[in-house]
$ cat structure.csv   # CSV, C-alpha atoms
chain,number,residue,atom,x,y,z
A,17,MET,CA,-49.9,12.3,-6.6
A,18,SER,CA,-47.8,12.9,-9.7
A,19,ASP,CA,-48.8,11.9,-13.2
A,20,ASN,CA,-48.3,8.3,-14.0
A,21,VAL,CA,-46.5,7.5,-10.8
A,22,GLY,CA,-47.8,5.0,-8.3
A,23,LEU,CA,-51.3,3.6,-8.1
A,24,SER,CA,-54.3,5.4,-9.5
A,25,THR,CA,-56.0,4.7,-6.2
A,26,PRO,CA,-54.7,3.0,-3.1
A,27,ARG,CA,-58.0,1.1,-2.6
A,28,GLY,CA,-57.7,-2.6,-2.3
A,29,SER,CA,-53.9,-2.5,-2.6
A,30,GLY,CA,-53.2,-2.9,1.1
A,31,THR,CA,-51.0,0.2,1.1
A,32,SER,CA,-51.4,3.8,1.9
A,33,GLY,CA,-50.5,4.7,-1.7
A,34,TYR,CA,-47.4,6.7,-0.6
A,35,VAL,CA,-44.7,6.5,-3.3
A,36,GLN,CA,-41.0,6.6,-2.5
A,37,ARG,CA,-37.9,5.7,-4.4
A,38,ASN,CA,-36.3,2.3,-4.1
A,39,LEU,CA,-33.1,2.8,-2.2
A,40,ALA,CA,-32.0,-0.8,-2.8
A,41,HIS,CA,-32.0,-0.4,-6.6
A,42,LEU,CA,-28.5,-0.7,-8.1
A,43,ARG,CA,-28.1,1.5,-11.2
A,44,PRO,CA,-26.1,-0.2,-14.0
A,45,ARG,CA,-22.5,0.7,-14.2
A,46,ASP,CA,-20.8,2.4,-17.1
A,47,LYS,CA,-19.7,0.2,-19.9
A,48,THR,CA,-16.0,0.8,-19.0
A,49,THR,CA,-13.9,-2.0,-17.5
A,50,PRO,CA,-13.1,-1.6,-13.9
A,51,TYR,CA,-9.5,-2.7,-14.4
A,52,PRO,CA,-7.0,-1.5,-16.9
A,53,LYS,CA,-6.1,-4.0,-19.6
A,54,ASP,CA,-2.4,-3.2,-19.7
A,55,THR,CA,-1.2,-5.5,-16.8
A,56,ASP,CA,2.5,-4.8,-17.6
A,57,ASN,CA,2.3,-1.3,-16.0
A,58,LEU,CA,0.5,-2.6,-12.9
A,59,HIS,CA,3.2,-2.6,-10.2
A,60,HIS,CA,2.5,-2.6,-6.5
A,61,LYS,CA,3.5,0.8,-5.1
A,62,GLN,CA,3.9,0.9,-1.4
A,63,ARG,CA,2.3,3.9,0.3
A,64,GLU,CA,4.9,6.4,1.3
A,65,PRO,CA,4.4,7.9,4.8
A,66,ASP,CA,4.3,11.7,5.1
A,67,LYS,CA,7.4,12.6,7.0
A,68,LYS,CA,5.9,15.8,8.4
A,69,ILE,CA,3.0,14.0,10.0
A,70,LEU,CA,5.4,11.4,11.4
A,71,GLU,CA,7.6,14.1,12.9
A,72,HIS,CA,4.6,15.9,14.3
A,73,ASP,CA,3.4,12.7,16.0
A,74,ARG,CA,6.9,12.1,17.5
A,75,LYS,CA,7.0,15.7,18.9
A,76,ARG,CA,3.5,15.3,20.2
A,77,GLU,CA,4.6,12.1,22.0
A,78,VAL,CA,7.4,14.1,23.6
A,79,GLU,CA,5.0,16.8,24.8
A,80,VAL,CA,2.6,14.1,26.2
A,81,LYS,CA,5.5,12.8,28.3
A,82,VAL,CA,6.3,16.3,29.5
A,83,PHE,CA,2.7,17.0,30.3
A,84,GLU,CA,2.5,13.8,32.3
A,85,LEU,CA,5.5,14.8,34.3
A,86,ARG,CA,4.1,18.3,34.9
A,87,ASP,CA,0.8,16.8,36.1
A,88,LYS,CA,2.5,14.4,38.5
A,89,LEU,CA,4.7,17.2,39.9
A,90,GLU,CA,1.7,19.5,40.3
A,91,GLU,CA,-0.1,16.8,42.3
A,92,GLU,CA,2.9,16.5,44.5
A,93,GLU,CA,2.7,20.3,45.0
A,94,VAL,CA,6.3,21.0,43.8
A,95,GLU,CA,7.2,24.7,43.2
A,96,GLU,CA,6.4,26.1,39.8
A,97,GLU,CA,10.1,26.9,39.0
A,98,GLU,CA,11.1,23.4,39.9
A,99,ILE,CA,8.3,22.0,37.6
A,100,GLU,CA,9.4,24.2,34.7
A,101,SER,CA,13.1,23.2,35.1
A,102,ARG,CA,12.3,19.4,35.3
A,103,CYS,CA,9.9,19.7,32.3
A,104,ASP,CA,12.5,21.6,30.2
A,105,ALA,CA,15.1,19.0,31.1
A,106,LEU,CA,12.9,16.1,30.2
A,107,ARG,CA,11.8,17.9,26.9
A,108,GLN,CA,15.5,18.5,26.0
A,109,LYS,CA,16.4,14.9,26.8
A,110,LEU,CA,13.5,13.4,24.7
A,111,LEU,CA,14.1,15.8,21.8
A,112,ALA,CA,17.8,14.7,21.8
A,113,ASP,CA,16.8,11.1,21.8
A,114,LEU,CA,14.4,11.8,19.0
A,115,ALA,CA,17.2,13.4,17.0
A,116,HIS,CA,19.2,10.2,17.5
A,117,GLY,CA,16.3,8.1,16.2
A,118,ILE,CA,15.1,6.8,19.6
A,119,SER,CA,11.3,7.4,20.0
A,120,ALA,CA,9.9,8.6,23.3
A,121,SER,CA,7.8,5.4,23.8
A,122,SER,CA,10.8,3.1,23.2
A,123,SER,CA,13.0,5.1,25.6
A,124,SER,CA,10.6,4.2,28.4
A,125,GLY,CA,10.9,0.5,27.5
A,126,GLN,CA,7.4,-0.1,26.2
A,127,LYS,CA,6.7,-1.6,22.8
A,128,ARG,CA,4.6,0.7,20.9
A,129,SER,CA,1.5,-0.7,19.2
A,130,ILE,CA,0.3,1.1,16.1
A,131,LYS,CA,-3.5,1.6,15.8
A,132,SER,CA,-5.3,1.2,12.5
A,133,HIS,CA,-6.1,4.9,12.2
A,134,GLN,CA,-2.3,5.7,12.2
A,135,VAL,CA,-1.9,5.1,8.5
A,136,HIS,CA,1.5,6.9,8.2
A,137,GLU,CA,3.0,4.9,11.0
A,138,LEU,CA,1.6,1.7,9.5
A,139,ALA,CA,3.1,2.6,6.2
A,140,GLU,CA,6.5,3.3,7.8
A,141,ALA,CA,6.4,0.0,9.7
A,142,LYS,CA,5.4,-1.9,6.5
A,143,ILE,CA,8.3,-0.4,4.6
A,144,LYS,CA,10.7,-1.4,7.4
A,145,GLU,CA,9.2,-4.9,7.5
A,146,SER,CA,9.5,-5.2,3.7
A,147,GLU,CA,13.1,-4.1,3.8
A,148,ARG,CA,14.0,-6.6,6.6
A,149,LEU,CA,12.3,-9.4,4.6
A,150,ARG,CA,14.1,-8.3,1.4
A,151,LYS,CA,17.4,-8.4,3.2
A,152,ALA,CA,16.6,-11.8,4.8
A,153,LEU,CA,15.7,-13.4,1.5
A,154,LYS,CA,18.7,-11.6,-0.2
A,155,ILE,CA,16.5,-10.0,-2.9
A,156,SER,CA,18.1,-7.2,-4.8
A,157,LYS,CA,16.8,-3.7,-4.7
A,158,ASP,CA,16.2,-3.6,-8.4
A,159,TYR,CA,14.1,-6.8,-8.5
A,160,GLN,CA,11.0,-6.5,-10.6
A,161,GLU,CA,8.0,-8.7,-9.8
A,162,GLY,CA,7.4,-11.2,-12.6
A,163,GLY,CA,10.7,-10.4,-14.3
A,164,HIS,CA,11.6,-14.1,-14.4
A,165,TRP,CA,8.5,-14.9,-16.4
A,166,LYS,CA,9.1,-12.1,-18.9
A,167,ARG,CA,12.7,-13.3,-19.5
A,168,GLN,CA,11.4,-16.9,-20.0
A,169,GLU,CA,8.8,-15.7,-22.4
A,170,GLU,CA,11.4,-13.7,-24.4
A,171,ARG,CA,13.6,-16.8,-24.6
A,172,THR,CA,10.8,-18.9,-26.0
A,173,MET,CA,9.9,-16.2,-28.5
A,174,THR,CA,13.5,-15.9,-29.7
A,175,LYS,CA,13.7,-19.7,-29.9
A,176,GLN,CA,10.5,-19.8,-32.0
A,177,THR,CA,11.7,-17.0,-34.3
A,178,ALA,CA,15.1,-18.8,-34.7
A,179,GLU,CA,13.3,-22.1,-35.6
A,180,THR,CA,11.0,-20.4,-38.2
A,181,GLY,CA,13.9,-18.5,-39.6
A,182,ALA,CA,15.9,-21.8,-40.0
A,183,GLY,CA,12.9,-23.3,-41.8
A,184,VAL,CA,12.8,-20.4,-44.2
A,185,GLU,CA,16.5,-20.6,-44.9
A,186,VAL,CA,16.3,-24.3,-45.8
A,187,ALA,CA,13.3,-23.7,-47.9
A,188,GLY,CA,15.1,-20.9,-49.8
A,189,SER,CA,17.9,-23.3,-50.8
A,190,GLY,CA,15.4,-25.1,-53.1
A,191,GLY,CA,15.5,-28.8,-52.5
A,192,ARG,CA,13.3,-31.7,-51.6
A,193,GLU,CA,14.7,-31.6,-48.0
A,194,ALA,CA,13.4,-28.0,-47.6
A,195,GLU,CA,9.8,-29.1,-48.2
A,196,THR,CA,10.0,-32.0,-45.7
A,197,MET,CA,11.7,-29.7,-43.2
A,198,SER,CA,9.0,-27.0,-43.5
A,199,HIS,CA,6.3,-29.7,-43.1
A,200,GLU,CA,8.0,-31.0,-40.0
A,201,THR,CA,8.2,-27.6,-38.4
A,202,ARG,CA,4.5,-27.0,-39.2
A,203,ASP,CA,3.6,-30.3,-37.5
A,204,THR,CA,5.5,-29.5,-34.4
A,205,MET,CA,3.9,-26.1,-34.1
A,206,ASP,CA,0.4,-27.6,-34.4

$ encode --input "structure.csv" --output "structure tokens"
Amino acid sequence: MSDNVGLSTPRGSGTSGYVQRNLAHLRPRDKTTPYPKDTDNLHHKQREPDKKILEHDRKREVEVKVFELRDKLEEEEVEEEEIESRCDALRQKLLADLAHGISASSSSGQKRSIKSHQVHELAEAKIKESERLRKALKISKDYQEGGHWKRQEERTMTKQTAETGAGVEVAGSGGREAETMSHETRDTMD
């Protein structure tokens, strides 16, 4: 037993006296705020898919189709040269379709489902979906989220500065009307 840790004796405690650390203890966090205070610079950035990984997956899809054909032909006991020629022909056809933007799974008529671990495919699909939605709603490409509220806030600020500027100009002319005008603007601001 270490010094000053645990019980001096396990007698009468109903335990064995074995000391272990509390894994459920949550240490206090740092005093920093978890979120930045400058919310103007917080814009949603959509995750960009890695083009190399997407290309690799498409080529892998082609090779899977070729291997399936090869396996089927080997089960049918077709000659090796015939298998090679058919596989090469299928590979060339699928690669040509891939170059024209037709994926190997869509050429067979199946709708491809994206699994949750395929993050790059998910990101690509999300970008396409967002683009379709943007076009359907006729939103411009240079649209900034919250831009309307910023413009509205700027208009109210300029209106307020114009009102306070007009009150100062009237007060500067030095008349009884200037005092009443400045009191009225103060009352409306309160």

$ atom_distance --input "structure.csv" --atom1 "atom CA of A:Arg63" --atom2 "atom CA of A:Ala141"
11.0 Å

$ atom_distance --input "structure.csv" --atom1 "atom CA of A:Asp104" --atom2 "atom CA of A:Arg74"
16.8 Å

$ atom_distance --input "structure.csv" --atom1 "atom CA of A:Arg102" --atom2 "atom CA of A:Lys81"
11.8 Å

$ residues_around --input "structure.csv" --residues "stretch 66-69 of chain A" --least-positions-apart "3" --cutoff "10 Å" --atoms "only C-alpha atoms" --output "PyMOL selection string"
chain A and resi 63+72-75+135-137+139-140
